[in-house]
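Q: Hey, dropping run20.txt in here, compact mmCIF, C-alpha atoms:
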```txt
# COMPACT_ATOMS: atom_id res chain seq x y z
CA MET A 1 -31.75 -37.55 25.74
CA LEU A 2 -31.98 -34.90 28.45
CA LYS A 3 -28.26 -35.40 29.06
CA HIS A 4 -27.49 -34.81 25.39
CA LEU A 5 -29.78 -31.76 25.27
CA GLY A 6 -28.06 -30.28 28.36
CA GLY A 7 -24.65 -30.89 26.76
CA VAL A 8 -25.72 -29.23 23.51
CA VAL A 9 -27.12 -26.22 25.43
CA LEU A 10 -23.88 -25.98 27.43
CA LEU A 11 -21.83 -26.18 24.21
CA ILE A 12 -23.97 -23.45 22.56
CA MET A 13 -23.61 -21.20 25.62
CA PHE A 14 -19.82 -21.70 25.65
CA ALA A 15 -19.56 -20.97 21.92
CA SER A 16 -21.73 -17.84 22.29
CA ALA A 17 -19.65 -16.54 25.19
CA THR A 18 -16.46 -17.12 23.21
CA MET A 19 -17.85 -15.27 20.17
CA VAL A 20 -19.05 -12.33 22.31
CA ALA A 21 -15.63 -12.07 23.98
CA ALA A 22 -13.88 -12.13 20.59
CA ALA A 23 -16.26 -9.49 19.16
CA GLU A 24 -15.79 -7.31 22.26
CA ALA A 25 -12.00 -7.57 21.94
CA GLY A 26 -12.23 -6.50 18.28
CA VAL A 27 -14.43 -3.52 19.18
CA THR A 28 -12.08 -2.57 22.02
CA GLU A 29 -9.09 -2.60 19.67
CA LYS A 30 -10.96 -0.40 17.19
CA VAL A 31 -12.03 2.03 19.92
CA ASP A 32 -8.47 2.16 21.29
CA ALA A 33 -7.16 2.91 17.79
CA MET A 34 -9.75 5.68 17.35
CA ILE A 35 -8.85 7.17 20.72
CA ALA A 36 -5.14 7.08 19.84
CA GLU A 37 -5.81 8.84 16.52
CA ASN A 38 -7.83 11.56 18.21
CA THR A 39 -5.69 12.14 21.27
CA PRO A 40 -5.49 15.77 22.21
CA LEU A 41 -3.04 17.93 20.33
CA LYS A 42 -1.75 19.17 23.67
CA VAL A 43 0.31 16.08 24.48
CA LYS A 44 2.28 18.17 26.96
CA ASP A 45 1.99 21.82 27.98
CA ASN A 46 5.07 23.22 26.20
CA ASP A 47 5.89 23.59 22.51
CA LEU A 48 9.33 24.76 21.41
CA TRP A 49 9.68 25.21 17.69
CA LEU A 50 11.91 26.48 14.95
CA MET A 51 10.15 29.00 12.69
CA VAL A 52 11.21 29.78 9.15
CA GLY A 53 9.20 32.57 7.49
CA GLY A 54 6.95 35.29 8.84
CA PRO A 55 6.78 36.90 11.27
CA LEU A 56 10.23 36.12 12.77
CA VAL A 57 11.90 35.25 9.42
CA PHE A 58 14.16 32.70 11.14
CA GLY A 59 13.77 32.08 14.85
CA ILE A 60 12.79 30.07 17.89
CA GLN A 61 9.25 30.23 19.23
CA TYR A 62 7.96 28.98 22.60
CA ASP A 63 4.24 28.31 23.16
CA LYS A 64 2.54 27.42 26.44
CA TYR A 65 -0.85 25.72 26.11
CA ALA A 66 -3.58 27.36 28.16
CA THR A 67 -6.07 24.71 26.94
CA SER A 68 -5.88 21.91 24.37
CA GLN A 69 -6.88 24.47 21.71
CA VAL A 70 -5.24 27.73 22.84
CA ALA A 71 -1.51 28.44 23.09
CA ILE A 72 0.18 31.67 24.17
CA GLY A 73 3.76 32.28 23.14
CA GLY A 74 6.67 34.43 22.19
CA GLY A 75 9.79 34.16 20.11
CA ALA A 76 13.01 35.70 18.92
CA GLY A 77 14.59 35.60 15.51
CA THR A 78 16.69 37.28 12.89
CA PHE A 79 15.41 39.85 10.47
CA LEU A 80 17.80 40.88 7.72
CA ASP A 81 20.51 42.84 9.57
CA GLY A 82 18.75 42.92 12.95
CA PHE A 83 16.51 40.84 15.16
CA SER A 84 12.80 40.27 15.67
CA LEU A 85 10.67 39.57 18.75
CA ASP A 86 7.03 38.50 18.82
CA LEU A 87 4.19 37.71 21.21
CA GLY A 88 1.00 35.99 20.11
CA VAL A 89 -1.95 33.69 20.66
CA LYS A 90 -2.67 30.57 18.59
CA TYR A 91 -6.04 28.81 18.29
CA TYR A 92 -6.30 25.19 17.08
CA PHE A 93 -9.69 24.36 15.54
CA LEU A 94 -9.42 20.62 16.32
CA THR A 95 -8.03 18.87 19.37
CA GLY A 96 -6.51 15.99 17.39
CA LYS A 97 -2.94 15.52 16.22
CA PHE A 98 -3.80 17.18 12.89
CA SER A 99 -5.39 20.60 13.14
CA PRO A 100 -5.87 23.82 11.23
CA PHE A 101 -4.95 26.89 13.29
CA ILE A 102 -4.94 30.67 13.30
CA SER A 103 -2.66 32.93 15.27
CA GLY A 104 -2.06 36.60 15.73
CA GLY A 105 -0.02 39.02 17.74
CA GLY A 106 2.55 41.75 17.74
CA VAL A 107 6.10 41.74 16.41
CA PHE A 108 9.04 44.13 16.82
CA TYR A 109 11.81 44.43 14.22
CA TYR A 110 15.01 46.13 15.35
CA THR A 111 18.16 47.07 13.44
CA GLY A 112 19.21 50.21 15.32
CA PRO A 113 17.88 52.95 17.61
CA ARG A 114 16.34 54.78 14.66
CA LYS A 115 15.63 51.66 12.57
CA ASN A 116 12.82 49.72 14.24
CA ILE A 117 9.22 48.87 13.43
CA PHE A 118 6.25 47.59 15.45
CA ALA A 119 3.83 45.42 13.48
CA PHE A 120 0.85 43.09 13.83
CA ASN A 121 0.88 39.62 12.29
CA GLY A 122 -1.70 36.99 11.47
CA VAL A 123 -1.13 33.37 10.45
CA ALA A 124 -3.44 30.68 9.09
CA GLY A 125 -2.07 27.18 8.78
CA LEU A 126 -2.08 23.43 9.44
CA SER A 127 -0.12 21.45 12.02
CA TYR A 128 0.54 17.79 12.74
CA PHE A 129 2.05 16.34 15.92
CA PHE A 130 3.53 12.84 16.02
CA ASP A 131 3.26 10.51 19.03
CA SER A 132 6.88 11.28 19.88
CA GLY A 133 6.07 14.95 20.51
CA MET A 134 7.72 16.08 17.30
CA GLY A 135 5.57 18.03 14.88
CA VAL A 136 5.44 20.12 11.74
CA SER A 137 3.39 23.11 10.71
CA LEU A 138 2.83 25.02 7.51
CA GLY A 139 1.13 28.38 7.34
CA PHE A 140 0.62 31.65 5.54
CA ALA A 141 1.64 34.74 7.52
CA TYR A 142 0.90 38.39 6.91
CA VAL A 143 2.74 41.19 8.72
CA LYS A 144 1.56 44.82 8.67
CA SER A 145 3.47 47.61 10.42
CA ILE A 146 1.70 49.97 12.81
CA SER A 147 4.68 52.32 13.11
CA LYS A 148 7.28 53.66 10.71
CA SER A 149 11.00 53.55 11.10
CA GLU A 150 12.72 56.92 11.49
CA GLU A 151 15.42 55.72 9.10
CA PRO A 152 14.80 53.29 6.25
CA PHE A 153 15.98 49.70 6.70
CA SER A 154 18.77 48.64 4.32
CA SER A 155 16.64 46.16 2.40
CA ASN A 156 14.64 46.03 -0.78
CA TYR A 157 11.75 44.41 1.15
CA VAL A 158 11.57 46.87 4.04
CA ASN A 159 11.94 50.60 3.67
CA ASP A 160 10.33 52.41 6.61
CA ALA A 161 7.19 50.21 6.92
CA ILE A 162 6.15 46.57 6.37
CA SER A 163 3.29 45.01 4.44
CA TRP A 164 4.59 41.50 4.00
CA PRO A 165 2.91 38.18 3.05
CA SER A 166 5.08 35.13 3.78
CA PRO A 167 4.98 31.36 4.06
CA GLN A 168 5.69 29.93 7.51
CA PHE A 169 7.30 26.56 8.23
CA GLY A 170 7.63 25.13 11.71
CA PHE A 171 9.45 22.16 13.25
CA HIS A 172 8.03 21.47 16.73
CA LEU A 173 9.09 19.70 19.94
CA ASN A 174 6.13 19.24 22.29
CA TYR A 175 7.40 18.55 25.83
```
Give the structure from this file in structure tokens form.
A:
Amino acid sequence: MLKHLGGVVLLIMFASATMVAAAEAGVTEKVDAMIAENTPLKVKDNDLWLMVGGPLVFGIQYDKYATSQVAIGGGAGTFLDGFSLDLGVKYYFLTGKFSPFISGGGVFYYTGPRKNIFAFNGVAGLSYFFDSGMGVSLGFAYVKSISKSEEPFSSNYVNDAISWPSPQFGFHLNY
């Protein structure tokens, strides 16, 4: 009887160890999935992206991440019959792949020596980065001039100053 009792105890211990190992593996898989979902937004330190909308109108922007939530960048684009340049800072509220953000900075619109405007811009938006490093963003930008052009721009939207709300779309490559 003692032999049978020892065998039963051994069988119970083996079954318990197997169940604990299986439960631990299930928990580990769940934790790994949660970690993967909440990996930092800053997969790599550089973000090159195509911007459509304010403040560049249509351009290329480069951001360098100072932290997982703060990026500093600049870009160049086209603005009607001239070009635009900007510098700014972006803050991501969350460190995950999906995050709301705000950004702000200065922008310069140039068409000619007497047709140029300095302005400030602010953007509020949402971004999502895929595991591949590709990403998309959608925002609302507002541009307000701090100087006036000596000569009016040849556009219905810009005369000698800017006060411009605009959507912003971005296609990102995080590398």
Q: Find the residues near Phe108 in chain A: any atom within 7 Å, counting all atoms listed in the file, skip ones fewer than 2 places away on the same chain, and give them as an mmCIF file with C-alpha atoms, in the frame of the given file.
A:
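Writing done, so here's around-v7.cif:
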```cif
data_model
loop_
_atom_site.group_PDB
_atom_site.id
_atom_site.type_symbol
_atom_site.label_atom_id
_atom_site.label_comp_id
_atom_site.auth_asym_id
_atom_site.auth_seq_id
_atom_site.Cartn_x
_atom_site.Cartn_y
_atom_site.Cartn_z
ATOM 1 C CA SER A 84 12.800 40.270 15.670
ATOM 2 C CA LEU A 85 10.670 39.570 18.750
ATOM 3 C CA ASP A 86 7.030 38.500 18.820
ATOM 4 C CA GLY A 106 2.550 41.750 17.740
ATOM 5 C CA TYR A 110 15.010 46.130 15.350
ATOM 6 C CA ILE A 117 9.220 48.870 13.430
ATOM 7 C CA PHE A 118 6.250 47.590 15.450
ATOM 8 C CA ALA A 119 3.830 45.420 13.480
#
```
Q: Any idea what the distance is between CA of Ile102 in chain A and CA of Asn159 in chain A?
A: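 Separation of CA of Ile102 in chain A and CA of Asn159 in chain A: 27.8 Å.
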Q: Can you work out the spacing between CA of Asn174 in chain A and CA of Asp45 in chain A in Å, to one decimal?
A: 7.5 Å
Q: Hey, which bits of range 42-90 of chain A sit within 12 Å of range 142-153 of chain A, and for each residue what's the closest pair of atoms and how far apart in Å (one decimal), counting all atoms listed in the file, rows by chain and increasing number, as a tab-separated table?
A:
```
residue	atom	partner	partner_atom	distance
A:Gly53	CA	A:Tyr142	CA	10.2
A:Gly54	CA	A:Tyr142	CA	7.1
A:Pro55	CA	A:Val143	CA	6.4
A:Leu56	CA	A:Val143	CA	9.9
A:Val57	CA	A:Val143	CA	10.9
A:Phe79	CA	A:Phe153	CA	10.6
A:Leu80	CA	A:Phe153	CA	9.1
A:Asp81	CA	A:Phe153	CA	8.7
A:Gly82	CA	A:Phe153	CA	9.6
A:Asp86	CA	A:Val143	CA	11.3
```
Q: Using only C-alpha atoms, find the one residue out of A:Phe83, A:Gly112, A:Ser166, A:Lys90 that sits nearest to Tyr62 in chain A.
A: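 With only C-alpha atoms as the atom set, the closest residue is A:Lys90.
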Q: CA of Met51 in chain A to CA of Ser132 in chain A: how many Å, to one decimal?
A: 19.4 Å
Q: So which residues touch Gly170 in chain A within 6 Å, counting all atoms listed in the file, skipping near sequence neighbours fewer than 5 positions away, as a list of chain:residue names?
A: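 Final neighbour list, sorted by chain and number: A:Leu50, A:Met51, A:Val136, A:Ser137.
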Q: Using all atoms listed in the file, which residue out of A:Ile162, A:Ala76, A:Val107, A:Leu94 lies closest to Trp49 in chain A?
A: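 Result for the nearest residue to Trp49 in chain A: A:Ala76.
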Q: Determine, counting only C-alpha atoms, which protein, DNA and RNA residues have an atom within 8 Å of an atom of Ser127 in chain A; residues of the same chain fewer than 5 positions away are not included. Present the result as a tab-separated table (two decimals) with C-alpha atoms, keeping the file's coordinate frame.
A:
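Writing the result to result-v8.tsv gives the following:
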```
chain	number	residue	atom	x	y	z
A	97	LYS	CA	-2.94	15.52	16.22
A	98	PHE	CA	-3.80	17.18	12.89
A	99	SER	CA	-5.39	20.60	13.14
A	100	PRO	CA	-5.87	23.82	11.23
A	101	PHE	CA	-4.95	26.89	13.29
A	135	GLY	CA	5.57	18.03	14.88
A	136	VAL	CA	5.44	20.12	11.74
A	137	SER	CA	3.39	23.11	10.71
A	138	LEU	CA	2.83	25.02	7.51
```
Q: Pick out the closest residue to Asn116 in chain A from this set: A:Gly74, A:Lys64, A:Phe169, A:Ser154. Count only C-alpha atoms.
A: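 The closest residue to Asn116 in chain A is A:Ser154.
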Q: Give the answer as one residue: which of A:Lys115, A:Met134, A:Tyr128, A:Gly75 has the shortest atom-to-atom distance to Tyr92 in chain A, using all atoms listed in the file?
A: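 Between A:Lys115, A:Met134, A:Tyr128, A:Gly75, the residue approaching Tyr92 in chain A most closely is A:Tyr128.
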